$ cat work.txt   # compact mmCIF, C-alpha atoms
# COMPACT_ATOMS: atom_id res chain seq x y z
CA MET R 1 -105.71 -79.23 117.23
CA THR R 2 -103.67 -76.47 118.80
CA ALA R 3 -104.64 -74.93 122.11
CA GLN R 4 -107.34 -72.26 121.89
CA THR R 5 -107.93 -69.28 124.11
CA ASP R 6 -111.42 -68.57 125.41
CA GLN R 7 -111.56 -65.62 123.05
CA ASP R 8 -110.76 -67.89 120.09
CA LEU R 9 -113.42 -70.35 121.22
CA THR R 10 -116.16 -67.74 120.92
CA LEU R 11 -115.56 -67.92 117.17
CA LEU R 12 -116.20 -71.68 117.06
CA ARG R 13 -119.57 -73.32 116.49
CA ASP R 14 -121.22 -76.70 116.73
CA ALA R 15 -124.59 -77.90 115.46
CA LEU R 16 -126.33 -75.92 118.22
CA GLY R 17 -124.69 -72.59 117.36
CA PRO R 18 -121.74 -70.50 118.63
CA LEU R 19 -119.91 -71.72 121.73
CA ARG R 20 -120.51 -69.53 124.76
CA ASP R 21 -117.70 -67.89 126.69
CA ARG R 22 -116.73 -70.19 129.55
CA GLU R 23 -116.32 -67.39 132.10
CA GLN R 24 -119.65 -65.79 131.23
CA VAL R 25 -121.46 -69.11 131.66
CA ALA R 26 -119.77 -69.65 135.03
CA GLU R 27 -120.61 -66.13 136.18
CA ARG R 28 -124.32 -66.65 135.50
CA LEU R 29 -124.27 -70.01 137.25
CA LEU R 30 -122.53 -68.51 140.29
CA GLU R 31 -125.19 -65.79 140.47
CA SER R 32 -127.90 -68.45 140.32
CA SER R 33 -126.16 -70.45 143.05
CA LEU R 34 -126.26 -67.43 145.36
CA LYS R 35 -130.01 -67.05 144.84
CA HIS R 36 -131.16 -70.65 144.65
CA SER R 37 -129.10 -72.90 146.91
CA PHE R 38 -130.42 -74.89 149.86
CA ASP R 39 -129.16 -76.48 153.04
CA PRO R 40 -131.13 -79.75 153.33
CA GLU R 41 -130.31 -80.00 157.04
CA THR R 42 -132.41 -76.91 157.79
CA GLU R 43 -134.66 -76.76 154.70
CA LEU R 44 -136.33 -80.13 155.31
CA ASP R 45 -138.22 -81.42 158.34
CA TRP R 46 -136.30 -84.58 159.12
CA GLU R 47 -138.15 -85.13 162.41
CA ALA R 48 -141.62 -85.33 160.84
CA PRO R 49 -143.08 -88.86 160.93
CA VAL R 50 -143.46 -90.96 157.80
CA GLU R 51 -146.92 -90.29 156.35
CA GLU R 52 -149.27 -93.27 156.27
CA GLY R 53 -150.74 -94.07 152.88
CA LYS R 54 -148.22 -92.03 150.90
CA TRP R 55 -145.72 -93.36 148.37
CA PHE R 56 -141.96 -92.98 148.47
CA TRP R 57 -141.87 -92.89 144.66
CA PRO R 58 -144.64 -92.32 142.10
CA PRO R 59 -146.13 -95.73 141.22
CA GLU R 60 -145.85 -95.11 137.47
CA LEU R 61 -142.06 -94.81 137.89
CA VAL R 62 -141.71 -98.08 139.84
CA SER R 63 -139.95 -100.65 137.66
CA LEU R 64 -142.69 -103.32 137.81
CA TYR R 65 -145.58 -100.93 137.16
CA ASP R 66 -148.21 -102.37 134.77
CA THR R 67 -146.57 -105.81 134.58
CA PRO R 68 -148.42 -109.07 135.34
CA MET R 69 -146.52 -109.26 138.64
CA TRP R 70 -147.59 -105.71 139.56
CA ARG R 71 -151.23 -106.59 138.93
CA ARG R 72 -150.95 -109.54 141.33
CA MET R 73 -149.34 -107.48 144.10
CA SER R 74 -151.32 -105.95 146.94
CA GLU R 75 -151.34 -102.17 147.32
CA GLU R 76 -149.23 -102.54 150.46
CA GLN R 77 -146.62 -104.59 148.60
CA ARG R 78 -146.56 -102.08 145.73
CA MET R 79 -145.93 -99.23 148.15
CA ASP R 80 -143.23 -101.23 149.89
CA LEU R 81 -141.52 -101.86 146.55
CA ALA R 82 -141.68 -98.12 145.81
CA ARG R 83 -140.02 -97.43 149.17
CA HIS R 84 -137.17 -99.83 148.40
CA GLU R 85 -136.75 -98.52 144.85
CA ALA R 86 -136.54 -94.97 146.19
CA ALA R 87 -133.68 -96.16 148.42
CA SER R 88 -132.07 -97.94 145.46
CA LEU R 89 -132.24 -94.81 143.30
CA ALA R 90 -130.90 -92.63 146.12
CA SER R 91 -128.01 -95.09 146.54
CA LEU R 92 -127.33 -94.94 142.80
CA GLY R 93 -127.43 -91.13 142.98
CA ILE R 94 -124.82 -91.08 145.75
CA TRP R 95 -122.57 -93.42 143.76
CA PHE R 96 -122.83 -91.18 140.69
CA GLU R 97 -122.27 -87.99 142.66
CA ILE R 98 -119.13 -89.33 144.32
CA ILE R 99 -117.81 -90.24 140.85
CA LEU R 100 -118.82 -86.82 139.54
CA MET R 101 -116.99 -85.00 142.34
CA GLN R 102 -113.79 -86.87 141.48
CA LEU R 103 -114.17 -86.06 137.78
CA LEU R 104 -114.75 -82.37 138.52
CA VAL R 105 -111.65 -82.19 140.70
CA ARG R 106 -109.63 -83.76 137.87
CA HIS R 107 -111.12 -81.29 135.39
CA ILE R 108 -110.03 -78.21 137.34
CA TYR R 109 -106.66 -79.53 138.53
CA ASP R 110 -104.66 -77.71 135.82
CA LYS R 111 -106.91 -74.67 135.47
CA SER R 112 -106.58 -71.20 136.96
CA VAL R 113 -107.80 -71.27 140.55
CA THR R 114 -109.02 -67.67 140.26
CA SER R 115 -111.23 -68.31 137.23
CA LYS R 116 -115.00 -68.27 137.57
CA HIS R 117 -115.09 -71.61 135.77
CA VAL R 118 -113.09 -73.23 138.58
CA ARG R 119 -115.02 -71.38 141.27
CA TYR R 120 -118.29 -72.72 139.87
CA ALA R 121 -116.87 -76.27 139.72
CA LEU R 122 -116.02 -75.98 143.42
CA THR R 123 -119.52 -74.64 144.08
CA GLU R 124 -120.99 -77.64 142.30
CA ILE R 125 -118.81 -80.04 144.30
CA ALA R 126 -120.19 -78.44 147.48
CA ASP R 127 -123.73 -78.94 146.12
CA GLU R 128 -123.02 -82.60 145.39
CA CYS R 129 -121.63 -83.14 148.90
CA ARG R 130 -124.91 -81.84 150.34
CA HIS R 131 -126.95 -83.93 147.90
CA SER R 132 -125.12 -87.12 148.82
CA MET R 133 -125.69 -86.52 152.52
CA MET R 134 -129.34 -85.64 151.83
CA PHE R 135 -129.93 -88.84 149.87
CA ALA R 136 -128.26 -90.93 152.58
CA ARG R 137 -130.44 -89.36 155.23
CA MET R 138 -133.57 -89.96 153.11
CA ILE R 139 -132.66 -93.65 152.84
CA GLU R 140 -132.34 -93.88 156.62
CA LYS R 141 -135.63 -92.06 157.13
CA GLY R 142 -137.47 -94.45 154.81
CA GLY R 143 -136.25 -97.50 156.71
CA ALA R 144 -135.07 -99.40 153.61
CA PRO R 145 -131.43 -100.47 153.29
CA ALA R 146 -128.89 -98.75 151.08
CA TYR R 147 -128.42 -100.55 147.77
CA PRO R 148 -124.83 -100.29 146.49
CA VAL R 149 -124.30 -101.16 142.83
CA PRO R 150 -122.94 -104.67 142.14
CA ARG R 151 -119.25 -105.02 142.92
CA ILE R 152 -118.30 -105.58 139.27
CA TYR R 153 -119.75 -102.20 138.27
CA HIS R 154 -118.39 -100.49 141.36
CA ASN R 155 -114.92 -101.58 140.27
CA LEU R 156 -115.56 -100.91 136.58
CA ALA R 157 -116.33 -97.31 137.54
CA ARG R 158 -112.83 -97.07 139.02
CA VAL R 159 -111.46 -97.83 135.55
CA LEU R 160 -113.88 -95.55 133.69
CA LYS R 161 -113.16 -92.53 135.87
CA THR R 162 -109.41 -93.19 135.65
CA VAL R 163 -109.26 -93.38 131.85
CA SER R 164 -112.14 -91.02 131.10
CA THR R 165 -111.40 -88.14 128.75
CA THR R 166 -112.61 -84.68 129.72
CA PRO R 167 -115.56 -84.80 127.29
CA GLY R 168 -116.25 -88.37 128.43
CA SER R 169 -116.44 -87.14 132.01
CA PHE R 170 -119.05 -84.53 131.17
CA ALA R 171 -121.05 -86.92 128.98
CA SER R 172 -121.17 -89.42 131.85
CA THR R 173 -122.10 -86.62 134.24
CA LEU R 174 -125.13 -85.77 132.11
CA LEU R 175 -126.10 -89.44 131.92
CA GLY R 176 -126.15 -89.66 135.72
CA GLU R 177 -128.02 -86.38 136.15
CA GLU R 178 -130.61 -85.99 133.44
CA ILE R 179 -132.62 -89.24 133.69
CA LEU R 180 -132.98 -88.99 137.46
CA ASP R 181 -133.77 -85.29 137.04
CA TRP R 182 -136.64 -86.14 134.66
CA MET R 183 -138.09 -88.57 137.20
CA GLN R 184 -137.67 -86.11 140.06
CA ARG R 185 -139.49 -83.40 138.11
CA LEU R 186 -142.48 -85.74 138.07
CA THR R 187 -142.04 -86.55 141.76
CA PHE R 188 -141.79 -83.25 143.64
CA PRO R 189 -145.22 -81.90 142.59
CA ASP R 190 -146.95 -85.29 143.18
CA GLU R 191 -149.12 -85.04 146.31
CA ARG R 192 -149.36 -88.85 146.54
CA VAL R 193 -145.67 -88.89 147.50
CA GLN R 194 -144.16 -88.43 150.98
CA THR R 195 -143.58 -84.76 151.80
CA LEU R 196 -139.94 -85.40 152.68
CA VAL R 197 -139.26 -87.16 149.37
CA ARG R 198 -140.93 -84.31 147.48
CA GLY R 199 -138.71 -81.84 149.35
CA VAL R 200 -135.56 -83.81 148.57
CA THR R 201 -136.42 -84.03 144.87
CA ARG R 202 -137.35 -80.33 144.70
CA ILE R 203 -133.95 -79.28 146.08
CA HIS R 204 -132.17 -81.66 143.75
CA VAL R 205 -134.06 -80.50 140.66
CA VAL R 206 -133.40 -76.81 141.33
CA GLU R 207 -129.68 -77.25 141.96
CA GLU R 208 -129.11 -79.89 139.28
CA ALA R 209 -130.44 -77.51 136.61
CA ARG R 210 -127.22 -75.51 137.06
CA HIS R 211 -125.07 -78.63 137.00
CA VAL R 212 -126.66 -79.77 133.74
CA ARG R 213 -126.07 -76.36 132.15
CA TYR R 214 -122.39 -76.39 133.21
CA ALA R 215 -121.85 -79.94 131.90
CA ARG R 216 -123.67 -79.32 128.61
CA GLU R 217 -121.72 -76.15 127.84
CA GLU R 218 -118.39 -77.79 128.67
CA LEU R 219 -119.19 -80.95 126.69
CA ARG R 220 -120.05 -78.85 123.64
CA ARG R 221 -116.72 -77.06 123.98
CA GLN R 222 -114.77 -80.28 124.40
CA MET R 223 -116.39 -82.04 121.44
CA VAL R 224 -115.39 -79.13 119.19
CA THR R 225 -111.82 -78.72 120.46
CA ALA R 226 -110.75 -82.25 121.48
CA PRO R 227 -108.52 -84.24 119.10
CA ARG R 228 -110.20 -86.88 116.93
CA TRP R 229 -109.03 -89.83 119.01
CA GLU R 230 -110.45 -88.27 122.16
CA GLN R 231 -113.83 -87.67 120.52
CA GLU R 232 -113.98 -91.30 119.35
CA PHE R 233 -112.95 -92.64 122.75
CA THR R 234 -115.61 -90.43 124.36
CA ARG R 235 -118.30 -91.93 122.12
CA LEU R 236 -117.30 -95.44 123.21
CA SER R 237 -116.89 -94.70 126.93
CA CYS R 238 -120.19 -92.80 127.03
CA GLY R 239 -121.96 -95.74 125.38
CA GLU R 240 -120.46 -98.14 127.91
CA ALA R 241 -121.48 -95.81 130.75
CA ALA R 242 -125.06 -95.86 129.40
CA ARG R 243 -125.03 -99.65 129.40
CA VAL R 244 -123.76 -99.82 132.99
CA PHE R 245 -126.21 -97.16 134.14
CA SER R 246 -129.21 -99.01 132.70
CA VAL R 247 -128.14 -102.25 134.40
CA CYS R 248 -127.60 -100.54 137.76
CA PHE R 249 -130.68 -98.32 137.70
CA VAL R 250 -132.65 -100.55 140.07
CA ASN R 251 -130.88 -103.09 142.25
CA PRO R 252 -132.61 -106.51 141.83
CA ARG R 253 -132.32 -107.12 145.58
CA VAL R 254 -135.29 -104.79 146.03
CA TYR R 255 -137.56 -107.54 144.68
CA GLU R 256 -136.31 -110.14 147.15
CA ASN R 257 -136.66 -107.66 150.02
CA VAL R 258 -140.38 -107.22 149.37
CA GLY R 259 -141.01 -110.95 148.97
CA LEU R 260 -140.96 -111.27 145.16
CA ASP R 261 -139.18 -113.78 142.95
CA ARG R 262 -136.08 -111.94 141.78
CA ARG R 263 -135.63 -113.75 138.46
CA GLU R 264 -139.27 -113.40 137.47
CA ALA R 265 -139.32 -109.72 138.47
CA VAL R 266 -136.18 -108.90 136.45
CA ALA R 267 -137.58 -110.76 133.43
CA GLN R 268 -140.87 -108.86 133.61
CA VAL R 269 -139.14 -105.50 133.94
CA ARG R 270 -137.03 -106.28 130.85
CA ALA R 271 -140.16 -107.25 128.90
CA SER R 272 -142.19 -104.24 130.07
CA GLY R 273 -143.14 -101.79 127.33
CA HIS R 274 -144.13 -99.25 129.98
CA ARG R 275 -140.72 -99.44 131.64
CA ARG R 276 -138.93 -99.11 128.31
CA GLU R 277 -140.97 -96.01 127.52
CA VAL R 278 -140.24 -94.50 130.96
CA MET R 279 -136.49 -94.98 130.57
CA GLN R 280 -136.39 -93.71 126.99
CA SER R 281 -138.58 -90.73 127.88
CA GLY R 282 -136.26 -89.91 130.77
CA ALA R 283 -133.23 -90.10 128.48
CA ARG R 284 -134.75 -88.42 125.40
CA ARG R 285 -133.74 -84.85 126.15
CA LEU R 286 -130.18 -86.04 126.79
CA THR R 287 -129.94 -88.36 123.77
CA ASP R 288 -131.29 -85.62 121.48
CA PHE R 289 -128.57 -83.28 122.79
CA LEU R 290 -125.80 -85.88 122.49
CA ASP R 291 -126.94 -86.71 118.98
CA ASP R 292 -126.89 -83.04 117.97
CA ILE R 293 -123.30 -82.53 119.14
CA GLY R 294 -121.96 -85.75 117.60
CA VAL R 295 -121.59 -88.06 120.60
CA LEU R 296 -124.03 -90.76 119.45
CA ARG R 297 -122.09 -92.17 116.52
CA GLY R 298 -120.57 -95.50 115.52
CA PRO R 299 -120.14 -98.33 118.07
CA GLY R 300 -121.04 -95.94 120.89
CA ARG R 301 -124.52 -95.48 119.45
CA ARG R 302 -124.98 -99.26 119.32
CA LEU R 303 -124.07 -99.43 123.01
CA TRP R 304 -126.69 -96.77 123.77
CA LYS R 305 -129.29 -98.83 121.87
CA SER R 306 -128.31 -101.99 123.76
CA SER R 307 -128.76 -100.10 127.03
CA GLY R 308 -132.44 -99.56 126.24
CA LEU R 309 -132.11 -95.80 126.73
CA LEU R 310 -132.12 -94.99 123.01
CA ALA R 311 -134.96 -96.15 120.74

$ encode --input "work.txt" --output "structure tokens"
Amino acid sequence: MTAQTDQDLTLLRDALGPLRDREQVAERLLESSLKHSFDPETELDWEAPVEEGKWFWPPELVSLYDTPMWRRMSEEQRMDLARHEAASLASLGIWFEIILMQLLVRHIYDKSVTSKHVRYALTEIADECRHSMMFARMIEKGGAPAYPVPRIYHNLARVLKTVSTTPGSFASTLLGEEILDWMQRLTFPDERVQTLVRGVTRIHVVEEARHVRYAREELRRQMVTAPRWEQEFTRLSCGEAARVFSVCFVNPRVYENVGLDRREAVAQVRASGHRREVMQSGARRLTDFLDDIGVLRGPGRRLWKSSGLLA
């Protein structure tokens, strides 16, 4: 396909309707950023003590919830597991955001530095820097260790972000953002949860809404204009990213660190109907969107199914 100007692109459509003008989308997102951005260093009370009797993550979102092992655990052990899983998810979030920042920098490298599209990308990178520092500080405050992803997936991500196509980059961005966003939308209004954790998730939800909009609009554009080979490669790489994400979502070391048998815990999580429903519910809005715009096809769709994120 020959290169298209932004004006030409306004004449193109996908299954969701006409493509929106890139600069107009960026302008609205920049206006929203001016009104609804936060500095976690001053917005949150980092000196407040940890609240006794409150969770670090809603119990229904803890991986072992409603399994035989969960029913045998004491309330104290359940809350401790939630604290460690919150640290594991925050660690995963930092990993994803560092990858995302690199992908965004690659995306804008050849684009006009005075465009609103590039200016919003730089704004989002600044958001993600703050989010990563915020998550790291939340891990420290909770007293659980950081949980880096297994080394094999850490290194696999080096390959994926090196060979990723532009649409593949935005599809992977949405994968990393939308499932955690769904969980955080359940977390920040939950009064059973630590006030600090609710504050962290509230900031992240508000600012990530813009990031999701930016990534969705750009992915739509790329899937219409990219050459056939790039679309097909995107479907495969996105499916592989879904598989890796589902494996890395909770680090199995959390079970050992709260005194549980790691192998038994992992087996029960895999067999849990509740956990499968949580993960598929968290991914549903994203998978519906990806399906509509033609990403979930062929071998890539089979990879999504094997990940457990697509029914």

$ closest_atom_pairs --input "work.txt" --of "stretch 118-213 of chain R" --to "stretch 79-103 of chain R" --cutoff "7 Å" --atoms "all atoms listed in the file" --output "CSV"
residue,atom,partner,partner_atom,distance
R:Ile125,CA,R:Met101,CA,5.6
R:Glu128,CA,R:Glu97,CA,6.1
R:Ser132,CA,R:Ile94,CA,5.0
R:Phe135,CA,R:Ala90,CA,5.4
R:Ile139,CA,R:Ala87,CA,5.2
R:Gly142,CA,R:Arg83,CA,6.9
R:Ala144,CA,R:His84,CA,5.6
R:Pro145,CA,R:Ala87,CA,6.9
R:Ala146,CA,R:Ser91,CA,5.9
R:Tyr147,CA,R:Ser88,CA,5.0
R:Pro148,CA,R:Ser91,CA,6.1
R:Val149,CA,R:Leu92,CA,6.9
R:Lys161,CA,R:Leu103,CA,6.8
R:Ser169,CA,R:Leu103,CA,6.3
R:Thr173,CA,R:Leu100,CA,6.2
R:Gly176,CA,R:Phe96,CA,6.2

$ write_last_selection --input "work.txt" --atoms "C-alpha atoms" --output "PDB file, in the coordinates of the input"
ATOM      1  CA  ILE R 125    -118.810 -80.040 144.300  1.00  0.00           C
ATOM      2  CA  GLU R 128    -123.020 -82.600 145.390  1.00  0.00           C
ATOM      3  CA  SER R 132    -125.120 -87.120 148.820  1.00  0.00           C
ATOM      4  CA  PHE R 135    -129.930 -88.840 149.870  1.00  0.00           C
ATOM      5  CA  ILE R 139    -132.660 -93.650 152.840  1.00  0.00           C
ATOM      6  CA  GLY R 142    -137.470 -94.450 154.810  1.00  0.00           C
ATOM      7  CA  ALA R 144    -135.070 -99.400 153.610  1.00  0.00           C
ATOM      8  CA  PRO R 145    -131.430-100.470 153.290  1.00  0.00           C
ATOM      9  CA  ALA R 146    -128.890 -98.750 151.080  1.00  0.00           C
ATOM     10  CA  TYR R 147    -128.420-100.550 147.770  1.00  0.00           C
ATOM     11  CA  PRO R 148    -124.830-100.290 146.490  1.00  0.00           C
ATOM     12  CA  VAL R 149    -124.300-101.160 142.830  1.00  0.00           C
ATOM     13  CA  LYS R 161    -113.160 -92.530 135.870  1.00  0.00           C
ATOM     14  CA  SER R 169    -116.440 -87.140 132.010  1.00  0.00           C
ATOM     15  CA  THR R 173    -122.100 -86.620 134.240  1.00  0.00           C
ATOM     16  CA  GLY R 176    -126.150 -89.660 135.720  1.00  0.00           C
TER      17      GLY R 176
END

$ residues_around --input "work.txt" --residues "R:Tyr120" --least-positions-apart "6" --cutoff "9 Å" --atoms "all atoms listed in the file" --output "compact mmCIF listing (two decimals) with C-alpha atoms, keeping the file's coordinate frame"
# COMPACT_ATOMS: atom_id res chain seq x y z
CA ALA R 26 -119.77 -69.65 135.03
CA GLU R 27 -120.61 -66.13 136.18
CA LEU R 29 -124.27 -70.01 137.25
CA LEU R 30 -122.53 -68.51 140.29
CA SER R 33 -126.16 -70.45 143.05
CA TYR R 214 -122.39 -76.39 133.21

$ atom_distance --input "work.txt" --atom1 "atom CA of R:Glu23" --atom2 "atom CA of R:Arg119"
10.1 Å

$ residues_near_point --input "work.txt" --point "(-132.2, -76.4, 154.1)" --cutoff "10 Å" --atoms "only C-alpha atoms" --output "NGL selection string"
:R and (37-45 or 130 or 134 or 199-200 or 203)

$ closest_residue --input "work.txt" --among "R:Glu277, R:Gly300, R:Asp181, R:Leu19" --to "R:Glu60" --atoms "all atoms listed in the file"
R:Glu277

$ closest_atom_pairs --input "work.txt" --of "stretch 5-59 of chain R" --to "stretch 192-195 of chain R" --cutoff "8 Å" --atoms "only C-alpha atoms" --output "CSV"
residue,atom,partner,partner_atom,distance
R:Val50,CA,R:Gln194,CA,7.3
R:Glu51,CA,R:Gln194,CA,6.3
R:Lys54,CA,R:Val193,CA,5.3
R:Trp55,CA,R:Val193,CA,4.6
R:Phe56,CA,R:Val193,CA,5.6
R:Trp57,CA,R:Val193,CA,6.2
R:Pro58,CA,R:Val193,CA,6.5

$ atom_distance --input "work.txt" --atom1 "atom CA of R:Asp291" --atom2 "atom CA of R:Val224"
13.8 Å

$ atom_distance --input "work.txt" --atom1 "atom CA of R:His204" --atom2 "atom CA of R:His131"
7.0 Å

$ residues_around --input "work.txt" --residues "R:Ser164" --least-positions-apart "4" --cutoff "12 Å" --atoms "all atoms listed in the file" --output "ChimeraX atom specification"
/R:99-100,102-104,106-107,156-160,168-173,230-238,240-241

$ residues_around --input "work.txt" --residues "R:Arg262" --least-positions-apart "4" --cutoff "8 Å" --atoms "only C-alpha atoms" --output "tab-separated table (two decimals) with C-alpha atoms, in the coordinates of the input"
chain	number	residue	atom	x	y	z
R	252	PRO	CA	-132.61	-106.51	141.83
R	253	ARG	CA	-132.32	-107.12	145.58
R	255	TYR	CA	-137.56	-107.54	144.68
R	256	GLU	CA	-136.31	-110.14	147.15
R	266	VAL	CA	-136.18	-108.90	136.45

$ closest_residue --input "work.txt" --among "R:Leu34, R:Val250, R:Ile293, R:Ala15" --to "R:Glu207" --atoms "all atoms listed in the file"
R:Leu34

$ decode --input "work.txt" --residues "stretch 271-299 of chain R" --atoms "N, CA and C atoms" --output "short mmCIF file (atom, residue, chain, number, x, y, z; two decimals), in the first residue's frame"
data_model
loop_
_atom_site.label_atom_id
_atom_site.label_comp_id
_atom_site.auth_asym_id
_atom_site.auth_seq_id
_atom_site.Cartn_x
_atom_site.Cartn_y
_atom_site.Cartn_z
N ALA R 271 -6.56 -24.79 37.38
CA ALA R 271 -7.83 -25.52 37.35
C ALA R 271 -9.02 -24.68 37.81
N SER R 272 -8.77 -23.47 38.27
CA SER R 272 -9.81 -22.65 38.88
C SER R 272 -10.73 -22.02 37.84
N GLY R 273 -12.01 -22.36 37.90
CA GLY R 273 -12.99 -21.73 37.03
C GLY R 273 -13.15 -20.26 37.35
N HIS R 274 -13.07 -19.91 38.63
CA HIS R 274 -13.19 -18.50 39.02
C HIS R 274 -12.05 -17.69 38.43
N ARG R 275 -10.84 -18.21 38.51
CA ARG R 275 -9.69 -17.47 37.98
C ARG R 275 -9.80 -17.31 36.47
N ARG R 276 -10.23 -18.36 35.80
CA ARG R 276 -10.39 -18.28 34.34
C ARG R 276 -11.41 -17.20 33.98
N GLU R 277 -12.50 -17.14 34.73
CA GLU R 277 -13.52 -16.14 34.46
C GLU R 277 -13.00 -14.73 34.73
N VAL R 278 -12.22 -14.55 35.80
CA VAL R 278 -11.63 -13.24 36.10
C VAL R 278 -10.74 -12.79 34.95
N MET R 279 -9.86 -13.66 34.48
CA MET R 279 -8.92 -13.27 33.43
C MET R 279 -9.65 -13.00 32.11
N GLN R 280 -10.63 -13.83 31.78
CA GLN R 280 -11.36 -13.60 30.53
C GLN R 280 -12.25 -12.37 30.62
N SER R 281 -12.81 -12.11 31.80
CA SER R 281 -13.60 -10.89 31.97
C SER R 281 -12.72 -9.66 31.84
N GLY R 282 -11.51 -9.72 32.42
CA GLY R 282 -10.59 -8.60 32.32
C GLY R 282 -10.14 -8.34 30.89
N ALA R 283 -10.08 -9.40 30.09
CA ALA R 283 -9.59 -9.27 28.71
C ALA R 283 -10.72 -9.05 27.71
N ARG R 284 -11.99 -9.21 28.12
CA ARG R 284 -13.09 -9.26 27.15
C ARG R 284 -13.23 -7.99 26.33
N ARG R 285 -13.16 -6.85 26.98
CA ARG R 285 -13.30 -5.60 26.24
C ARG R 285 -12.20 -5.48 25.18
N LEU R 286 -11.00 -5.90 25.53
CA LEU R 286 -9.88 -5.86 24.59
C LEU R 286 -10.05 -6.88 23.48
N THR R 287 -10.40 -8.13 23.82
CA THR R 287 -10.51 -9.15 22.78
C THR R 287 -11.66 -8.85 21.83
N ASP R 288 -12.75 -8.26 22.34
CA ASP R 288 -13.84 -7.86 21.44
C ASP R 288 -13.33 -6.81 20.44
N PHE R 289 -12.56 -5.85 20.93
CA PHE R 289 -12.02 -4.80 20.06
C PHE R 289 -11.05 -5.39 19.03
N LEU R 290 -10.13 -6.24 19.49
CA LEU R 290 -9.16 -6.83 18.57
C LEU R 290 -9.85 -7.70 17.53
N ASP R 291 -10.90 -8.40 17.94
CA ASP R 291 -11.65 -9.21 17.00
C ASP R 291 -12.32 -8.34 15.94
N ASP R 292 -12.90 -7.23 16.38
CA ASP R 292 -13.59 -6.33 15.45
C ASP R 292 -12.66 -5.77 14.37
N ILE R 293 -11.41 -5.48 14.74
CA ILE R 293 -10.50 -4.84 13.78
C ILE R 293 -9.59 -5.85 13.07
N GLY R 294 -9.85 -7.15 13.28
CA GLY R 294 -9.16 -8.16 12.49
C GLY R 294 -7.84 -8.66 13.02
N VAL R 295 -7.57 -8.46 14.33
CA VAL R 295 -6.30 -8.94 14.89
C VAL R 295 -6.40 -10.41 15.30
N LEU R 296 -7.57 -10.84 15.76
CA LEU R 296 -7.70 -12.21 16.28
C LEU R 296 -8.10 -13.17 15.17
N ARG R 297 -7.15 -13.47 14.31
CA ARG R 297 -7.39 -14.39 13.21
C ARG R 297 -6.26 -15.41 13.11
N GLY R 298 -6.58 -16.57 12.53
CA GLY R 298 -5.56 -17.57 12.21
C GLY R 298 -4.82 -18.11 13.42
N PRO R 299 -3.52 -18.42 13.25
CA PRO R 299 -2.73 -18.98 14.36
C PRO R 299 -2.67 -18.05 15.57
#
